[in-house]
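Q: Got work.csv for you, CSV, N, CA and C atoms:
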chain,number,residue,atom,x,y,z
A,1,MET,N,24.8,12.4,22.3
A,1,MET,CA,25.7,13.0,21.5
A,1,MET,C,25.8,14.5,21.8
A,2,ASP,N,26.9,14.9,22.4
A,2,ASP,CA,27.0,16.3,22.8
A,2,ASP,C,27.4,17.1,21.6
A,3,GLY,N,26.9,18.3,21.6
A,3,GLY,CA,27.2,19.3,20.5
A,3,GLY,C,26.6,19.1,19.2
A,4,THR,N,25.6,18.3,19.1
A,4,THR,CA,24.9,18.1,17.8
A,4,THR,C,23.7,19.0,17.7
A,5,ASN,N,23.2,19.2,16.5
A,5,ASN,CA,22.0,20.0,16.3
A,5,ASN,C,20.8,19.0,16.2
A,6,ALA,N,19.7,19.6,16.1
A,6,ALA,CA,18.4,18.8,16.1
A,6,ALA,C,18.4,17.9,14.9
A,7,TRP,N,18.8,18.3,13.7
A,7,TRP,CA,18.8,17.5,12.5
A,7,TRP,C,19.7,16.3,12.6
A,8,THR,N,20.9,16.5,13.1
A,8,THR,CA,21.8,15.4,13.3
A,8,THR,C,21.3,14.4,14.3
A,9,GLU,N,20.8,14.9,15.4
A,9,GLU,CA,20.2,13.9,16.4
A,9,GLU,C,19.0,13.1,15.8
A,10,PHE,N,18.2,13.8,15.0
A,10,PHE,CA,17.1,13.1,14.4
A,10,PHE,C,17.6,12.1,13.4
A,11,TRP,N,18.5,12.5,12.5
A,11,TRP,CA,19.0,11.6,11.5
A,11,TRP,C,19.8,10.4,12.0
A,12,ASN,N,20.6,10.6,13.1
A,12,ASN,CA,21.4,9.5,13.6
A,12,ASN,C,20.9,8.7,14.7
A,13,ILE,N,19.9,9.2,15.4
A,13,ILE,CA,19.3,8.5,16.6
A,13,ILE,C,17.8,8.2,16.4
A,14,THR,N,17.0,9.2,16.1
A,14,THR,CA,15.6,9.0,16.1
A,14,THR,C,15.1,8.2,14.9
A,15,LEU,N,15.6,8.5,13.7
A,15,LEU,CA,15.2,7.8,12.5
A,15,LEU,C,15.6,6.3,12.5
A,16,PRO,N,16.8,5.9,12.9
A,16,PRO,CA,17.1,4.5,12.9
A,16,PRO,C,16.2,3.7,13.9
A,17,LEU,N,15.9,4.4,15.0
A,17,LEU,CA,15.0,3.7,16.0
A,17,LEU,C,13.6,3.6,15.5
A,18,LEU,N,13.1,4.5,14.7
A,18,LEU,CA,11.8,4.4,14.1
A,18,LEU,C,11.6,3.6,12.9
A,19,ARG,N,12.7,3.2,12.3
A,19,ARG,CA,12.7,2.5,11.0
A,19,ARG,C,11.8,1.3,11.0
A,20,PRO,N,11.8,0.4,11.9
A,20,PRO,CA,10.9,-0.8,11.9
A,20,PRO,C,9.4,-0.3,11.9
A,21,THR,N,9.1,0.7,12.7
A,21,THR,CA,7.7,1.1,12.7
A,21,THR,C,7.3,1.8,11.4
A,22,LEU,N,8.2,2.6,10.9
A,22,LEU,CA,7.9,3.3,9.6
A,22,LEU,C,7.7,2.2,8.5
A,23,THR,N,8.5,1.2,8.5
A,23,THR,CA,8.4,0.1,7.5
A,23,THR,C,7.0,-0.5,7.6
A,24,PHE,N,6.6,-0.9,8.8
A,24,PHE,CA,5.3,-1.5,9.0
A,24,PHE,C,4.2,-0.6,8.5
A,25,VAL,N,4.2,0.7,8.8
A,25,VAL,CA,3.2,1.6,8.4
A,25,VAL,C,3.2,1.8,6.9
A,26,MET,N,4.3,1.9,6.3
A,26,MET,CA,4.4,2.0,4.9
A,26,MET,C,3.9,0.8,4.1
A,27,VAL,N,4.2,-0.4,4.6
A,27,VAL,CA,3.7,-1.6,3.9
A,27,VAL,C,2.2,-1.7,4.1
A,28,THR,N,1.7,-1.5,5.3
A,28,THR,CA,0.3,-1.7,5.4
A,28,THR,C,-0.5,-0.6,4.7
A,29,GLY,N,0.1,0.6,4.6
A,29,GLY,CA,-0.5,1.7,3.8
A,29,GLY,C,-0.6,1.4,2.4
A,30,VAL,N,0.5,0.8,1.8
A,30,VAL,CA,0.5,0.5,0.4
A,30,VAL,C,-0.5,-0.6,0.1
A,31,ILE,N,-0.6,-1.6,0.9
A,31,ILE,CA,-1.5,-2.7,0.7
A,31,ILE,C,-3.0,-2.1,0.8
A,32,PHE,N,-3.2,-1.2,1.7
A,32,PHE,CA,-4.5,-0.6,1.9
A,32,PHE,C,-4.8,0.2,0.6
A,33,LEU,N,-3.9,1.0,0.1
A,33,LEU,CA,-4.2,1.8,-1.1
A,33,LEU,C,-4.4,0.9,-2.4
A,34,TRP,N,-3.7,-0.2,-2.5
A,34,TRP,CA,-4.0,-1.1,-3.6
A,34,TRP,C,-5.4,-1.7,-3.5
A,35,GLY,N,-5.8,-2.0,-2.3
A,35,GLY,CA,-7.1,-2.7,-2.2
A,35,GLY,C,-8.3,-1.8,-1.7
A,36,ILE,N,-8.2,-0.5,-1.9
A,36,ILE,CA,-9.2,0.4,-1.4
A,36,ILE,C,-10.5,0.1,-2.2
A,37,PHE,N,-11.6,-0.1,-1.4
A,37,PHE,CA,-12.9,-0.5,-2.0
A,37,PHE,C,-14.0,0.2,-1.5
A,38,ALA,N,-14.1,0.3,-0.1
A,38,ALA,CA,-15.4,0.7,0.5
A,38,ALA,C,-15.6,2.2,0.3
A,39,GLN,N,-14.6,3.0,0.4
A,39,GLN,CA,-14.8,4.5,0.2
A,39,GLN,C,-15.4,4.9,-1.1
A,40,PRO,N,-14.7,4.5,-2.3
A,40,PRO,CA,-15.3,4.8,-3.5
A,40,PRO,C,-16.7,4.2,-3.8
A,41,GLN,N,-16.9,3.0,-3.3
A,41,GLN,CA,-18.2,2.3,-3.5
A,41,GLN,C,-19.3,3.0,-2.8
A,42,LEU,N,-19.0,3.4,-1.5
A,42,LEU,CA,-20.1,4.0,-0.8
A,42,LEU,C,-20.3,5.5,-1.2
A,43,LEU,N,-19.3,6.2,-1.5
A,43,LEU,CA,-19.4,7.6,-1.9
A,43,LEU,C,-19.9,7.9,-3.3
A,44,THR,N,-19.3,7.1,-4.2
A,44,THR,CA,-19.7,7.5,-5.6
A,44,THR,C,-20.1,6.3,-6.4
A,45,GLY,N,-19.8,5.1,-6.0
A,45,GLY,CA,-20.2,3.9,-6.8
A,45,GLY,C,-19.4,3.8,-8.0
A,46,GLY,N,-18.3,4.4,-8.1
A,46,GLY,CA,-17.4,4.4,-9.3
A,46,GLY,C,-17.4,5.7,-10.0
A,47,GLY,N,-18.5,6.5,-9.8
A,47,GLY,CA,-18.5,7.9,-10.3
A,47,GLY,C,-19.0,7.9,-11.8
A,48,GLU,N,-19.1,9.1,-12.3
A,48,GLU,CA,-19.5,9.3,-13.7
A,48,GLU,C,-18.3,8.8,-14.6
A,49,LEU,N,-18.6,8.0,-15.6
A,49,LEU,CA,-17.5,7.5,-16.5
A,49,LEU,C,-16.4,6.8,-15.7
A,50,ARG,N,-16.8,6.2,-14.6
A,50,ARG,CA,-15.9,5.4,-13.7
A,50,ARG,C,-14.6,6.2,-13.3
A,51,GLN,N,-14.8,7.5,-13.0
A,51,GLN,CA,-13.6,8.3,-12.7
A,51,GLN,C,-13.0,8.0,-11.3
A,52,THR,N,-13.8,7.5,-10.4
A,52,THR,CA,-13.3,7.1,-9.1
A,52,THR,C,-13.2,5.6,-8.9
A,53,GLN,N,-13.2,4.9,-9.9
A,53,GLN,CA,-13.2,3.4,-9.8
A,53,GLN,C,-11.7,3.0,-9.6
A,54,THR,N,-11.6,2.1,-8.5
A,54,THR,CA,-10.3,1.6,-8.2
A,54,THR,C,-10.2,0.2,-8.7
A,55,ILE,N,-9.0,-0.4,-8.6
A,55,ILE,CA,-8.8,-1.8,-9.1
A,55,ILE,C,-9.7,-2.8,-8.3
A,56,ALA,N,-9.8,-2.6,-7.0
A,56,ALA,CA,-10.7,-3.5,-6.2
A,56,ALA,C,-12.1,-3.3,-6.6
A,57,LEU,N,-12.6,-2.1,-6.8
A,57,LEU,CA,-13.9,-1.9,-7.2
A,57,LEU,C,-14.2,-2.4,-8.6
A,58,TYR,N,-13.3,-2.3,-9.5
A,58,TYR,CA,-13.4,-2.9,-10.8
A,58,TYR,C,-13.5,-4.4,-10.7
A,59,LEU,N,-12.7,-5.0,-9.9
A,59,LEU,CA,-12.7,-6.4,-9.7
A,59,LEU,C,-14.0,-6.9,-9.2
A,60,TYR,N,-14.6,-6.2,-8.2
A,60,TYR,CA,-15.9,-6.5,-7.7
A,60,TYR,C,-17.0,-6.4,-8.8
A,61,ASP,N,-16.9,-5.3,-9.6
A,61,ASP,CA,-17.9,-5.2,-10.7
A,61,ASP,C,-17.8,-6.3,-11.7
A,62,VAL,N,-16.6,-6.7,-12.1
A,62,VAL,CA,-16.5,-7.8,-13.1
A,62,VAL,C,-17.0,-9.1,-12.5
A,63,GLY,N,-16.7,-9.4,-11.2
A,63,GLY,CA,-17.1,-10.6,-10.6
A,63,GLY,C,-18.6,-10.7,-10.3
A,64,PHE,N,-19.1,-9.7,-9.7
A,64,PHE,CA,-20.5,-9.8,-9.2
A,64,PHE,C,-21.5,-9.1,-10.0
A,65,ARG,N,-21.2,-8.1,-10.8
A,65,ARG,CA,-22.1,-7.5,-11.6
A,65,ARG,C,-22.2,-8.1,-13.0
A,66,TYR,N,-21.1,-8.5,-13.6
A,66,TYR,CA,-21.0,-9.1,-14.9
A,66,TYR,C,-20.9,-10.6,-14.9
A,67,HIS,N,-20.8,-11.2,-13.7
A,67,HIS,CA,-20.7,-12.6,-13.5
A,67,HIS,C,-19.5,-13.3,-14.3
A,68,LYS,N,-18.4,-12.6,-14.3
A,68,LYS,CA,-17.2,-13.2,-14.9
A,68,LYS,C,-16.2,-13.6,-13.8
A,69,PHE,N,-16.5,-14.7,-13.1
A,69,PHE,CA,-15.8,-15.0,-11.9
A,69,PHE,C,-14.3,-15.5,-12.2
A,70,GLY,N,-14.1,-16.1,-13.3
A,70,GLY,CA,-12.8,-16.5,-13.7
A,70,GLY,C,-11.9,-15.3,-13.9
A,71,TYR,N,-12.4,-14.3,-14.7
A,71,TYR,CA,-11.6,-13.1,-14.9
A,71,TYR,C,-11.4,-12.3,-13.7
A,72,ALA,N,-12.4,-12.3,-12.8
A,72,ALA,CA,-12.2,-11.6,-11.5
A,72,ALA,C,-11.2,-12.3,-10.6
A,73,SER,N,-11.2,-13.6,-10.6
A,73,SER,CA,-10.2,-14.3,-9.8
A,73,SER,C,-8.8,-14.2,-10.3
A,74,ALA,N,-8.6,-14.1,-11.7
A,74,ALA,CA,-7.3,-13.8,-12.2
A,74,ALA,C,-6.9,-12.4,-11.9
A,75,MET,N,-7.8,-11.4,-11.9
A,75,MET,CA,-7.5,-10.1,-11.5
A,75,MET,C,-7.1,-10.0,-10.0
A,76,ALA,N,-7.8,-10.8,-9.2
A,76,ALA,CA,-7.4,-10.8,-7.8
A,76,ALA,C,-6.0,-11.4,-7.5
A,77,LEU,N,-5.7,-12.4,-8.3
A,77,LEU,CA,-4.4,-13.0,-8.2
A,77,LEU,C,-3.3,-12.0,-8.6
A,78,VAL,N,-3.5,-11.3,-9.7
A,78,VAL,CA,-2.6,-10.3,-10.2
A,78,VAL,C,-2.5,-9.1,-9.1
A,79,LEU,N,-3.6,-8.7,-8.6
A,79,LEU,CA,-3.6,-7.7,-7.5
A,79,LEU,C,-2.8,-8.1,-6.3
A,80,SER,N,-2.9,-9.4,-5.9
A,80,SER,CA,-2.2,-9.9,-4.8
A,80,SER,C,-0.7,-10.0,-5.1
A,81,LEU,N,-0.3,-10.3,-6.3
A,81,LEU,CA,1.1,-10.3,-6.7
A,81,LEU,C,1.6,-8.9,-6.7
A,82,ILE,N,0.8,-7.9,-7.2
A,82,ILE,CA,1.3,-6.5,-7.1
A,82,ILE,C,1.5,-6.1,-5.7
A,83,MET,N,0.6,-6.4,-4.8
A,83,MET,CA,0.8,-6.1,-3.4
A,83,MET,C,2.0,-6.8,-2.8
A,84,LEU,N,2.3,-8.0,-3.2
A,84,LEU,CA,3.4,-8.7,-2.7
A,84,LEU,C,4.7,-8.1,-3.2
A,85,VAL,N,4.8,-7.7,-4.4
A,85,VAL,CA,6.0,-7.1,-5.0
A,85,VAL,C,6.2,-5.7,-4.4
A,86,SER,N,5.1,-4.9,-4.2
A,86,SER,CA,5.3,-3.6,-3.7
A,86,SER,C,5.8,-3.7,-2.2
A,87,SER,N,5.3,-4.7,-1.5
A,87,SER,CA,5.7,-4.9,-0.1
A,87,SER,C,7.2,-5.3,0.0
A,88,TYR,N,7.6,-6.2,-0.9
A,88,TYR,CA,9.0,-6.6,-1.0
A,88,TYR,C,9.9,-5.4,-1.3
A,89,LEU,N,9.5,-4.6,-2.3
A,89,LEU,CA,10.3,-3.5,-2.6
A,89,LEU,C,10.4,-2.5,-1.5
A,90,ASN,N,9.3,-2.3,-0.8
A,90,ASN,CA,9.3,-1.4,0.4
A,90,ASN,C,10.3,-1.9,1.4
A,91,PHE,N,10.3,-3.2,1.8
A,91,PHE,CA,11.2,-3.8,2.7
A,91,PHE,C,12.6,-3.7,2.2
A,92,ARG,N,12.8,-3.9,0.9
A,92,ARG,CA,14.2,-3.8,0.3
A,92,ARG,C,14.8,-2.5,0.4
A,93,PHE,N,14.0,-1.4,0.1
A,93,PHE,CA,14.6,-0.1,0.1
A,93,PHE,C,14.7,0.6,1.5
A,94,VAL,N,13.8,0.2,2.4
A,94,VAL,CA,13.8,0.8,3.7
A,94,VAL,C,14.9,0.1,4.6
A,95,LYS,N,15.1,-1.2,4.3
A,95,LYS,CA,16.0,-2.0,5.1
A,95,LYS,C,15.8,-1.8,6.6
A,96,ALA,N,14.8,-2.5,7.1
A,96,ALA,CA,14.3,-2.3,8.5
A,96,ALA,C,15.0,-3.1,9.5
A,97,GLU,N,16.3,-3.2,9.5
A,97,GLU,CA,17.0,-3.9,10.5
A,97,GLU,C,16.9,-3.1,11.8
A,98,VAL,N,16.8,-3.8,12.9
A,98,VAL,CA,16.6,-3.2,14.2
A,98,VAL,C,17.9,-2.8,14.8
A,99,GLU,N,18.0,-1.5,15.2
A,99,GLU,CA,19.3,-1.0,15.8
A,99,GLU,C,18.9,-0.5,17.1
A,100,TYR,N,19.6,-1.1,18.2
A,100,TYR,CA,19.4,-0.7,19.5
A,100,TYR,C,20.7,-0.3,20.2
Re-express the file's structure as structure tokens.
A:
Amino acid sequence: MDGTNAWTEFWNITLPLLRPTLTFVMVTGVIFLWGIFAQPQLLTGGGELRQTQTIALYLYDVGFRYHKFGYASAMALVLSLIMLVSSYLNFRFVKAEVEY
């Protein structure tokens, strides 16, 4: 495109070509954030008054510390549904059709 500035070139050429990659990175990032477990467990163990406790860490505590396996499995199912819905919404709003 002759005579365009850097912003127009980025918006009309670069971004549409990067859209599938950006969609993949965003979906995997959201799934990672919903299921984050190791970092808070290793660094703080949930912290004072459970300030750094995540959903996955709470699920682990309920299942293995308090031996409420049914409640933990229900929480895991709900967490999986939340991940599925957030991934669907991400695909829906980004619209990652391939343009070449």
Q: Between CA of Ser87 in chain A and CA of Tyr71 in chain A, measure the distance and give it in Å to one decimal.
A: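 Straight-line distance from CA of Ser87 in chain A to CA of Tyr71 in chain A works out to 24.2 Å.
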Q: Determine which residues of range 28-86 of chain A DSSP labels as alpha helix (DSSP H) from the backbone of this structure, then write them out as a VMD selection string.
A: chain A and resid 28 to 34 38 to 43 55 to 60 69 to 86
Q: What is the CA of Leu84 in chain A to CA of Val30 in chain A distance in Å?
A: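 A separation of 10.1 Å between them.
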Q: Extract, using only C-alpha atoms, all DNA, RNA and protein residues at most 9 Å from Met26 in chain A, discarding same-chain residues fewer than 5 positions from it, and format them as JSON, numbers by chain.
A: {"A": [21, 31, 87, 90]}
Q: Between A:Trp34, A:Pro40, A:Asn5, A:Met83, which has the minimum distance to Thr52 in chain A (counting all atoms listed in the file)?
A: A:Pro40
Q: Would you compute the distance between atom C of Gly45 in chain A and atom C of Val78 in chain A? Give it in Å to one decimal.
A: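 Distance reported for this atom pair: 21.3 Å.
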Q: Would you list the contacts of range 57-65 of chain A as a ChimeraX atom specification, taking every protein, DNA or RNA residue within 7 Å and counting only N, CA and C atoms, but skipping same-chain residues closer than 2 positions in sequence?
A: /A:35-37,41,53-55,67-73,75-76
Q: At a cut-off of 8 Å, using only N, CA and C atoms, what residues contact Val94 in chain A? Leave out same-chain residues fewer than 4 positions from it and give the result as a VMD selection string.
A: chain A and resid 19 to 20 22 to 23 88 to 90
